[in-house]
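To start, the structure under review is shown below, and the notes come after it.
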Protein chains: 2
Amino acid sequence: MTAPDPRLSINQATIKHADLATALAVTAEAGIEAIGLWREPVQEVGLATAARLLAASGLRFTTHCRAGFFTMPEGPARRAAIDDNRRAIEEAATLAAAGAPGSTAVLVLVAGGLPDGSRDLVAARGRVRDALEELVPDAEAAGVTLAIEPLHPMFASDRCVVSTLGQALDLAAGLPAHAVGAAVDTFHIWWDPDVLSAIDRAGREGRIATYQVCDWKTPLPADVLLSRHYPGDGIIDFASLTRAVVATGYDRDIEVEIFNEDIWATDPAEAVRRTAEGFAAAVSPHLESRA
Amino acid sequence: MTAPDPRLSINQATIKHADLATALAVTAEAGIEAIGLWREPVQEVGLATAARLLAASGLRFTTHCRAGFFTMPEGPARRAAIDDNRRAIEEAATLAAAGAPGSTAVLVLVAGGLPDGSRDLVAARGRVRDALEELVPDAEAAGVTLAIEPLHPMFASDRCVVSTLGQALDLAAGLPAHAVGAAVDTFHIWWDPDVLSAIDRAGREGRIATYQVCDWKTPLPADVLLSRHYPGDGIIDFASLTRAVVATGYDRDIEVEIFNEDIWATDPAEAVRRTAEGFAAAVSPHLESRA
């Protein structure tokens with residue numbers, strides 16, 4: 001087997017049932033150079049231990065997943081959410097400092113859905129902007145980039161009121177690009193008739209905080225949240241999307257983040273091997289420089 | 001119970017298991033004035049009989065559902081699809097002529113998904129435009145308006161490569177508005193950050209061929225195609241969407257089209273009653289003039 005693409009990063013969600021030490025080990029042992037982490041397994045061992053394990057792994061750190069969920073109106077729940085985002089910013093900064101050179105301090109933000117009983121998407125989206133403005137000073141102080149992640153519109157009511165990359169860029173407009181960017185995830189945006197121009201715009205505005213890849217396939221499973229697949233197993237055109245991202249000058253790591261019950265049931269080392277294989281076939285050919 | 005809104009039209013899909021005669025009867029008996037029909041139950045009795053039954057019902061005819069499915073490359077399958085669309089245009093014209101005064105000759109088009117083995121959305125979308133251009137003379141000759149229906153992006157790969165109202169309008173650009181319009185269906189477009197400006201544009205361009213309402217609620221059922229609900233039972237903001245449609249000058253009937261196993265299992269007369277009730281509560285208050 002050839003070496004994995006040096007730009008491939010395993011997002012820990014892909015091997016959800018592995019604890020942090022296992023996730024780091026199987027990733028490094030596969031010859032992969034980078035990893036994106038999730039808050040829950042990091043908190044399970046504690047941030048200091050997580051940072052030590054990450055440093056020992058020799059892996060680059062690419063993103064911290066995830067914070068956000070701040071669409072509720074002002075009140076104690078919103079204050080708790082903002083506080084939690086501040087903690088996540090600190091975690092992202094600590095982990096990025098612990099990762100190998102080339103690590104990036106990126107915190108992925110999922111905005112949250114409509115508050116219970118509300119039908120007012122416009123107001124919910126406005127509160128996303130409010131939260132970003134409130135968090136910018138913390139992000140700047142910590143040297144962290146907040147990555148607004150547009151989620152597929154099938155999640156617009158219950159998970160994320162930000163549905164397109166263009167909308168994420170509109171929400172970020174006027175805020176410093178080193179503090180607020182967007183997560184460009186093929187699974188969520190492949191269908192968008194404006195996706196290529198939105199990627200170009202994201203590049204011009206300096207806001208591609210992370211590029212993430214996984215595939216879309218139908219029929220969707222009963223839980224549509226778990227409908228993500230290895231790159232190449234579905235219908236997403238990684239050629240056009242990846243070339244558009246590369247054309248902006250994006251030259252950092254690329255994560256594969258898959259939520260899928262079958263893949264989660266796979267031995268983590270095997271899931272990582274399959275991820276690297278899919279990435280090499282579906283994504284690597286469209287990157288400018290390859291090992 | 002108060003009389004149903006005079007602008008409410010029952011789309012036959014809402015009472016899918018009723019045959020044509022039953023669908024017409026329960027709709028008329030509920031005091032509803034209009035109906036949208038589906039091709040299969042019409043073909044089951046034959047077009048001439050369907051037209052006679054419709055005329056006898058005294059109902060207005062609002063849309064014929066549905067044709068389209070023309071994303072495949074040139075070849076026999078594409079020719080068969082185009083021919084089928086021509087038949088559907090004739091059916092729509094015949095039924096509109098048989099309906100009560102105020103009937104509209106509108107044929108709803110669902111574009112179709114990616115052809116098997118293809119990842120090329122751009123090409124598939126181009127072939128939708130090609131098909132429209134080919135069908136315009138037939139539509140004009142028959143006095144029928146083709147209504148491109150953008151479907152929710154969760155259907156973009158396997159059912160409809162047209163995902164937003166703005167995209168539908170782009171596909172129609174330059175074609176005569178009396179022959180090519182768009183179906184504005186709340187279920188498919190409520191999430192779109194640009195939905196209100198797209199509705200305004202559709203109005204200015206004279207392309208709102210039909211306004212259809214039903215609701216969105218999560219969790220989605222195992223078959224996401226069947227995730228539509230009575231107006232008011234979910235999270236769609238019918239106030240802003242309906243007011244935007246009314247502001248364009250749209251003054252015709254409004255269909256309720258619901259795919260939902262539970263509703264299909266309901267007695268059709270009861271489903272129609274519930275539909276009228278939901279419409280009166282969620283949609284009627286936002287129409288300019290009410291009976």
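In the structure tokens, each chain is lettered A, B, ... as it comes, each chain's residues begin at 1, and ligands are numbered from 1 in order of appearance.
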Would you superpose chain A on chain B, least squares on all C-alpha atoms in order, and hand back the fitted chain as an mmCIF file with C-alpha atoms, in the first residue's frame?
data_model
loop_
_atom_site.group_PDB
_atom_site.id
_atom_site.type_symbol
_atom_site.label_atom_id
_atom_site.label_comp_id
_atom_site.auth_asym_id
_atom_site.auth_seq_id
_atom_site.Cartn_x
_atom_site.Cartn_y
_atom_site.Cartn_z
ATOM 1 C CA MET A 1 -67.245 24.561 10.728
ATOM 2 C CA THR A 2 -66.597 27.616 8.555
ATOM 3 C CA ALA A 3 -66.326 27.269 4.794
ATOM 4 C CA PRO A 4 -62.867 26.376 3.462
ATOM 5 C CA ASP A 5 -60.764 29.168 2.027
ATOM 6 C CA PRO A 6 -61.996 29.733 -1.551
ATOM 7 C CA ARG A 7 -58.386 29.741 -2.775
ATOM 8 C CA LEU A 8 -57.527 26.356 -1.321
ATOM 9 C CA SER A 9 -56.867 23.615 -3.838
ATOM 10 C CA ILE A 10 -56.375 20.001 -2.782
ATOM 11 C CA ASN A 11 -53.492 18.399 -4.572
ATOM 12 C CA GLN A 12 -54.538 14.831 -5.203
ATOM 13 C CA ALA A 13 -51.279 13.484 -3.728
ATOM 14 C CA THR A 14 -52.583 14.513 -0.313
ATOM 15 C CA ILE A 15 -55.236 11.803 -0.622
ATOM 16 C CA LYS A 16 -53.095 9.462 -2.668
ATOM 17 C CA HIS A 17 -55.108 6.303 -2.100
ATOM 18 C CA ALA A 18 -58.378 7.810 -3.313
ATOM 19 C CA ASP A 19 -59.195 7.146 -6.950
ATOM 20 C CA LEU A 20 -60.066 10.102 -9.164
ATOM 21 C CA ALA A 21 -63.835 9.949 -8.620
ATOM 22 C CA THR A 22 -63.376 9.744 -4.853
ATOM 23 C CA ALA A 23 -60.809 12.546 -4.814
ATOM 24 C CA LEU A 24 -63.138 14.826 -6.744
ATOM 25 C CA ALA A 25 -66.106 13.895 -4.569
ATOM 26 C CA VAL A 26 -64.486 14.406 -1.158
ATOM 27 C CA THR A 27 -62.966 17.691 -2.296
ATOM 28 C CA ALA A 28 -66.223 19.089 -3.635
ATOM 29 C CA GLU A 29 -68.236 17.775 -0.707
ATOM 30 C CA ALA A 30 -65.898 19.596 1.688
ATOM 31 C CA GLY A 31 -66.837 22.862 0.021
ATOM 32 C CA ILE A 32 -63.405 23.218 -1.558
ATOM 33 C CA GLU A 33 -63.405 24.788 -5.000
ATOM 34 C CA ALA A 34 -60.240 23.498 -6.687
ATOM 35 C CA ILE A 35 -58.073 20.433 -7.171
ATOM 36 C CA GLY A 36 -54.680 19.547 -8.608
ATOM 37 C CA LEU A 37 -54.498 16.133 -10.263
ATOM 38 C CA TRP A 38 -51.859 13.457 -10.732
ATOM 39 C CA ARG A 39 -51.227 11.672 -13.964
ATOM 40 C CA GLU A 40 -51.501 8.088 -12.714
ATOM 41 C CA PRO A 41 -55.098 8.286 -11.383
ATOM 42 C CA VAL A 42 -56.099 10.274 -14.472
ATOM 43 C CA GLN A 43 -54.591 7.645 -16.767
ATOM 44 C CA GLU A 44 -56.262 4.927 -14.717
ATOM 45 C CA VAL A 45 -59.687 6.080 -15.937
ATOM 46 C CA GLY A 46 -58.447 7.559 -19.206
ATOM 47 C CA LEU A 47 -58.112 11.238 -20.061
ATOM 48 C CA ALA A 48 -61.562 11.679 -21.592
ATOM 49 C CA THR A 49 -63.302 10.129 -18.603
ATOM 50 C CA ALA A 50 -61.125 12.125 -16.230
ATOM 51 C CA ALA A 51 -62.051 15.352 -17.996
ATOM 52 C CA ARG A 52 -65.741 14.435 -17.836
ATOM 53 C CA LEU A 53 -65.557 13.607 -14.120
ATOM 54 C CA LEU A 54 -63.666 16.822 -13.422
ATOM 55 C CA ALA A 55 -66.197 18.913 -15.328
ATOM 56 C CA ALA A 56 -69.048 17.237 -13.468
ATOM 57 C CA SER A 57 -67.394 17.996 -10.129
ATOM 58 C CA GLY A 58 -67.567 21.735 -10.707
ATOM 59 C CA LEU A 59 -64.030 22.094 -9.339
ATOM 60 C CA ARG A 60 -61.345 24.327 -10.766
ATOM 61 C CA PHE A 61 -58.272 22.492 -12.034
ATOM 62 C CA THR A 62 -55.022 23.963 -10.735
ATOM 63 C CA THR A 63 -52.052 21.790 -11.741
ATOM 64 C CA HIS A 64 -51.225 18.513 -13.412
ATOM 65 C CA CYS A 65 -48.550 16.497 -11.586
ATOM 66 C CA ARG A 66 -46.178 15.665 -12.962
ATOM 67 C CA ALA A 67 -43.750 15.344 -15.820
ATOM 68 C CA GLY A 68 -40.060 16.167 -16.204
ATOM 69 C CA PHE A 69 -37.421 13.530 -15.391
ATOM 70 C CA PHE A 70 -35.350 14.547 -18.367
ATOM 71 C CA THR A 71 -31.783 14.756 -17.051
ATOM 72 C CA MET A 72 -30.463 11.803 -19.027
ATOM 73 C CA PRO A 73 -28.179 12.276 -22.035
ATOM 74 C CA GLU A 74 -29.520 12.083 -25.586
ATOM 75 C CA GLY A 75 -30.742 8.654 -26.567
ATOM 76 C CA PRO A 76 -33.907 6.548 -26.608
ATOM 77 C CA ALA A 77 -34.601 7.076 -22.892
ATOM 78 C CA ARG A 78 -34.425 10.829 -23.329
ATOM 79 C CA ARG A 79 -36.666 10.710 -26.408
ATOM 80 C CA ALA A 80 -39.179 8.647 -24.444
ATOM 81 C CA ALA A 81 -39.075 11.189 -21.615
ATOM 82 C CA ILE A 82 -39.624 14.125 -23.963
ATOM 83 C CA ASP A 83 -42.523 12.284 -25.629
ATOM 84 C CA ASP A 84 -44.039 11.590 -22.240
ATOM 85 C CA ASN A 85 -43.759 15.275 -21.365
ATOM 86 C CA ARG A 86 -45.598 16.108 -24.566
ATOM 87 C CA ARG A 87 -48.412 13.765 -23.573
ATOM 88 C CA ALA A 88 -48.518 15.391 -20.153
ATOM 89 C CA ILE A 89 -48.824 18.818 -21.761
ATOM 90 C CA GLU A 90 -51.841 17.593 -23.720
ATOM 91 C CA GLU A 91 -53.371 16.124 -20.572
ATOM 92 C CA ALA A 92 -52.894 19.387 -18.682
ATOM 93 C CA ALA A 93 -54.541 21.360 -21.471
ATOM 94 C CA THR A 94 -57.494 18.975 -21.664
ATOM 95 C CA LEU A 95 -58.063 18.979 -17.912
ATOM 96 C CA ALA A 96 -57.738 22.756 -17.605
ATOM 97 C CA ALA A 97 -60.388 23.119 -20.303
ATOM 98 C CA ALA A 98 -62.657 20.729 -18.417
ATOM 99 C CA GLY A 99 -62.278 22.437 -15.057
ATOM 100 C CA ALA A 100 -64.492 25.227 -13.797
ATOM 101 C CA PRO A 101 -63.763 28.845 -14.842
ATOM 102 C CA GLY A 102 -60.514 30.005 -13.214
ATOM 103 C CA SER A 103 -58.766 26.720 -13.942
ATOM 104 C CA THR A 104 -55.090 26.988 -14.840
ATOM 105 C CA ALA A 105 -53.222 24.865 -17.366
ATOM 106 C CA VAL A 106 -50.077 24.252 -15.346
ATOM 107 C CA LEU A 107 -47.878 21.169 -15.695
ATOM 108 C CA VAL A 108 -45.487 20.604 -12.790
ATOM 109 C CA LEU A 109 -42.044 19.381 -13.818
ATOM 110 C CA VAL A 110 -39.654 17.521 -11.527
ATOM 111 C CA ALA A 111 -36.337 17.625 -13.322
ATOM 112 C CA GLY A 112 -34.934 14.238 -12.313
ATOM 113 C CA GLY A 113 -31.696 13.345 -10.557
ATOM 114 C CA LEU A 114 -28.207 12.481 -11.689
ATOM 115 C CA PRO A 115 -28.183 9.748 -14.322
ATOM 116 C CA ASP A 116 -26.843 6.422 -13.034
ATOM 117 C CA GLY A 117 -23.091 6.523 -12.644
ATOM 118 C CA SER A 118 -22.824 10.269 -13.209
ATOM 119 C CA ARG A 119 -21.515 12.887 -10.788
ATOM 120 C CA ASP A 120 -21.933 15.764 -13.219
ATOM 121 C CA LEU A 121 -24.622 18.009 -11.781
ATOM 122 C CA VAL A 122 -23.729 20.868 -14.091
ATOM 123 C CA ALA A 123 -24.321 18.756 -17.193
ATOM 124 C CA ALA A 124 -27.559 17.333 -15.770
ATOM 125 C CA ARG A 125 -28.807 20.833 -15.110
ATOM 126 C CA GLY A 126 -27.851 21.842 -18.620
ATOM 127 C CA ARG A 127 -29.998 19.034 -19.979
ATOM 128 C CA VAL A 128 -32.949 20.386 -17.999
ATOM 129 C CA ARG A 129 -32.572 23.635 -19.862
ATOM 130 C CA ASP A 130 -32.307 21.743 -23.160
ATOM 131 C CA ALA A 131 -35.541 19.894 -22.402
ATOM 132 C CA LEU A 132 -37.362 23.105 -21.545
ATOM 133 C CA GLU A 133 -36.293 24.686 -24.821
ATOM 134 C CA GLU A 134 -37.483 21.624 -26.680
ATOM 135 C CA LEU A 135 -40.869 21.616 -24.936
ATOM 136 C CA VAL A 136 -41.669 25.332 -25.168
ATOM 137 C CA PRO A 137 -43.311 25.120 -28.616
ATOM 138 C CA ASP A 138 -45.561 22.297 -27.396
ATOM 139 C CA ALA A 139 -46.450 24.197 -24.255
ATOM 140 C CA GLU A 140 -47.225 27.352 -26.221
ATOM 141 C CA ALA A 141 -49.332 25.466 -28.757
ATOM 142 C CA ALA A 142 -51.353 23.873 -25.951
ATOM 143 C CA GLY A 143 -51.584 27.015 -23.833
ATOM 144 C CA VAL A 144 -49.881 25.219 -20.932
ATOM 145 C CA THR A 145 -47.371 26.676 -18.493
ATOM 146 C CA LEU A 146 -44.531 24.341 -17.508
ATOM 147 C CA ALA A 147 -43.796 24.815 -13.803
ATOM 148 C CA ILE A 148 -40.208 23.913 -12.919
ATOM 149 C CA GLU A 149 -40.327 22.723 -9.332
ATOM 150 C CA PRO A 150 -37.191 23.205 -7.268
ATOM 151 C CA LEU A 151 -37.029 20.313 -4.795
ATOM 152 C CA HIS A 152 -35.352 20.400 -1.412
ATOM 153 C CA PRO A 153 -31.588 19.784 -1.773
ATOM 154 C CA MET A 154 -31.952 16.444 0.005
ATOM 155 C CA PHE A 155 -33.416 15.216 -3.298
ATOM 156 C CA ALA A 156 -30.724 16.769 -5.522
ATOM 157 C CA SER A 157 -28.955 13.546 -6.448
ATOM 158 C CA ASP A 158 -31.795 11.100 -6.953
ATOM 159 C CA ARG A 159 -34.873 13.107 -7.858
ATOM 160 C CA CYS A 160 -34.359 16.706 -8.861
ATOM 161 C CA VAL A 161 -31.181 18.563 -9.753
ATOM 162 C CA VAL A 162 -33.068 21.864 -9.449
ATOM 163 C CA SER A 163 -32.688 22.845 -5.801
ATOM 164 C CA THR A 164 -33.576 26.510 -5.380
ATOM 165 C CA LEU A 165 -36.172 28.887 -6.754
ATOM 166 C CA GLY A 166 -33.412 31.165 -8.002
ATOM 167 C CA GLN A 167 -31.943 28.282 -9.966
ATOM 168 C CA ALA A 168 -35.356 27.478 -11.473
ATOM 169 C CA LEU A 169 -35.653 31.094 -12.590
ATOM 170 C CA ASP A 170 -32.161 30.974 -14.082
ATOM 171 C CA LEU A 171 -33.159 27.853 -16.017
ATOM 172 C CA ALA A 172 -36.246 29.639 -17.321
ATOM 173 C CA ALA A 173 -34.417 32.838 -18.248
ATOM 174 C CA GLY A 174 -35.118 33.955 -21.785
ATOM 175 C CA LEU A 175 -37.958 31.495 -22.300
ATOM 176 C CA PRO A 176 -41.488 32.951 -22.538
ATOM 177 C CA ALA A 177 -43.058 33.317 -19.089
ATOM 178 C CA HIS A 178 -46.462 32.089 -20.296
ATOM 179 C CA ALA A 179 -44.792 28.798 -21.238
ATOM 180 C CA VAL A 180 -42.198 28.322 -18.485
ATOM 181 C CA GLY A 181 -42.674 29.239 -14.847
ATOM 182 C CA ALA A 182 -41.792 27.806 -11.474
ATOM 183 C CA ALA A 183 -43.638 25.950 -8.747
ATOM 184 C CA VAL A 184 -43.198 27.736 -5.426
ATOM 185 C CA ASP A 185 -43.610 25.030 -2.789
ATOM 186 C CA THR A 186 -42.928 26.026 0.815
ATOM 187 C CA PHE A 187 -41.702 22.543 1.778
ATOM 188 C CA HIS A 188 -38.848 22.704 -0.684
ATOM 189 C CA ILE A 189 -37.642 26.282 -0.290
ATOM 190 C CA TRP A 190 -38.428 27.498 3.254
ATOM 191 C CA TRP A 191 -34.793 27.042 4.372
ATOM 192 C CA ASP A 192 -33.273 29.164 1.590
ATOM 193 C CA PRO A 193 -31.639 32.343 2.923
ATOM 194 C CA ASP A 194 -32.562 33.979 -0.401
ATOM 195 C CA VAL A 195 -36.136 32.707 -0.563
ATOM 196 C CA LEU A 196 -37.933 36.029 -0.143
ATOM 197 C CA SER A 197 -35.884 37.802 -2.799
ATOM 198 C CA ALA A 198 -36.302 34.779 -5.089
ATOM 199 C CA ILE A 199 -40.102 34.925 -4.676
ATOM 200 C CA ASP A 200 -40.024 38.634 -5.435
ATOM 201 C CA ARG A 201 -37.926 37.966 -8.528
ATOM 202 C CA ALA A 202 -40.258 35.147 -9.623
ATOM 203 C CA GLY A 203 -43.140 37.565 -9.379
ATOM 204 C CA ARG A 204 -41.372 40.303 -11.306
ATOM 205 C CA GLU A 205 -40.476 37.828 -14.030
ATOM 206 C CA GLY A 206 -44.059 36.572 -14.181
ATOM 207 C CA ARG A 207 -43.049 33.026 -13.338
ATOM 208 C CA ILE A 208 -45.054 31.960 -10.283
ATOM 209 C CA ALA A 209 -47.010 29.215 -12.019
ATOM 210 C CA THR A 210 -48.330 27.737 -8.777
ATOM 211 C CA TYR A 211 -47.990 28.319 -5.051
ATOM 212 C CA GLN A 212 -48.075 25.130 -2.974
ATOM 213 C CA VAL A 213 -47.999 24.830 0.793
ATOM 214 C CA CYS A 214 -47.241 22.119 3.290
ATOM 215 C CA ASP A 215 -45.125 21.949 6.400
ATOM 216 C CA TRP A 216 -41.686 20.671 7.460
ATOM 217 C CA LYS A 217 -41.105 18.884 10.744
ATOM 218 C CA THR A 218 -38.230 16.869 12.225
ATOM 219 C CA PRO A 219 -37.221 14.191 12.859
ATOM 220 C CA LEU A 220 -37.597 13.237 9.235
ATOM 221 C CA PRO A 221 -39.183 9.813 8.622
ATOM 222 C CA ALA A 222 -37.137 6.921 7.252
ATOM 223 C CA ASP A 223 -38.304 7.811 3.743
ATOM 224 C CA VAL A 224 -37.639 11.544 3.540
ATOM 225 C CA LEU A 225 -39.942 11.789 0.547
ATOM 226 C CA LEU A 226 -42.855 11.299 2.934
ATOM 227 C CA SER A 227 -41.922 14.025 5.404
ATOM 228 C CA ARG A 228 -44.582 16.582 4.504
ATOM 229 C CA HIS A 229 -47.192 17.775 6.986
ATOM 230 C CA TYR A 230 -50.443 19.743 7.239
ATOM 231 C CA PRO A 231 -49.770 23.508 7.194
ATOM 232 C CA GLY A 232 -49.188 24.637 10.752
ATOM 233 C CA ASP A 233 -47.999 21.265 12.071
ATOM 234 C CA GLY A 234 -44.323 22.099 11.586
ATOM 235 C CA ILE A 235 -41.873 24.980 11.574
ATOM 236 C CA ILE A 236 -42.395 26.720 8.234
ATOM 237 C CA ASP A 237 -43.140 30.421 8.536
ATOM 238 C CA PHE A 238 -46.163 30.620 6.232
ATOM 239 C CA ALA A 239 -46.627 34.265 7.147
ATOM 240 C CA SER A 240 -43.466 35.576 5.487
ATOM 241 C CA LEU A 241 -43.592 33.207 2.521
ATOM 242 C CA THR A 242 -47.284 33.735 1.791
ATOM 243 C CA ARG A 243 -47.018 37.508 2.151
ATOM 244 C CA ALA A 244 -44.081 37.489 -0.264
ATOM 245 C CA VAL A 245 -46.128 35.525 -2.801
ATOM 246 C CA VAL A 246 -49.172 37.772 -2.316
ATOM 247 C CA ALA A 247 -46.964 40.855 -2.717
ATOM 248 C CA THR A 248 -46.058 39.727 -6.248
ATOM 249 C CA GLY A 249 -49.727 39.941 -7.203
ATOM 250 C CA TYR A 250 -50.289 36.179 -7.231
ATOM 251 C CA ASP A 251 -54.046 35.860 -6.802
ATOM 252 C CA ARG A 252 -54.776 32.321 -7.948
ATOM 253 C CA ASP A 253 -55.453 29.088 -6.093
ATOM 254 C CA ILE A 254 -53.004 27.641 -3.594
ATOM 255 C CA GLU A 255 -52.459 23.907 -3.427
ATOM 256 C CA VAL A 256 -51.752 21.747 -0.435
ATOM 257 C CA GLU A 257 -49.696 18.752 -1.537
ATOM 258 C CA ILE A 258 -48.670 16.341 1.219
ATOM 259 C CA PHE A 259 -46.778 13.063 0.972
ATOM 260 C CA ASN A 260 -47.138 11.381 4.342
ATOM 261 C CA GLU A 261 -47.931 7.748 5.161
ATOM 262 C CA ASP A 262 -50.054 8.675 8.188
ATOM 263 C CA ILE A 263 -52.092 11.178 6.245
ATOM 264 C CA TRP A 264 -52.494 8.726 3.370
ATOM 265 C CA ALA A 265 -53.833 6.197 5.886
ATOM 266 C CA THR A 266 -56.465 8.708 7.018
ATOM 267 C CA ASP A 267 -59.965 8.597 5.511
ATOM 268 C CA PRO A 268 -59.745 10.974 2.519
ATOM 269 C CA ALA A 269 -62.678 13.115 3.677
ATOM 270 C CA GLU A 270 -61.001 13.541 7.054
ATOM 271 C CA ALA A 271 -57.615 14.347 5.446
ATOM 272 C CA VAL A 272 -59.321 16.983 3.301
ATOM 273 C CA ARG A 273 -61.048 18.436 6.371
ATOM 274 C CA ARG A 274 -57.726 18.586 8.277
ATOM 275 C CA THR A 275 -56.047 20.174 5.252
ATOM 276 C CA ALA A 276 -58.691 22.895 5.058
ATOM 277 C CA GLU A 277 -58.412 23.496 8.792
ATOM 278 C CA GLY A 278 -54.604 23.784 8.661
ATOM 279 C CA PHE A 279 -54.765 26.043 5.640
ATOM 280 C CA ALA A 280 -57.338 28.320 7.293
ATOM 281 C CA ALA A 281 -55.172 28.693 10.383
ATOM 282 C CA ALA A 282 -51.693 28.872 8.868
ATOM 283 C CA VAL A 283 -52.113 30.378 5.404
ATOM 284 C CA SER A 284 -55.438 32.218 5.043
ATOM 285 C CA PRO A 285 -54.562 34.957 7.571
ATOM 286 C CA HIS A 286 -51.755 36.031 5.280
ATOM 287 C CA LEU A 287 -53.802 36.349 2.090
ATOM 288 C CA GLU A 288 -55.044 39.758 1.081
ATOM 289 C CA SER A 289 -58.664 38.888 0.510
ATOM 290 C CA ARG A 290 -60.599 36.140 2.221
ATOM 291 C CA ALA A 291 -64.135 34.902 1.915
#
**Request:** Return as an NGL selection string the full set of residues in range 109-233 of chain A whose backbone-based DSSP assignment is helix (DSSP H, G or I).
**Result:** :A and (121-142 or 153-155 or 165-172 or 186-189 or 195-204 or 224-226)
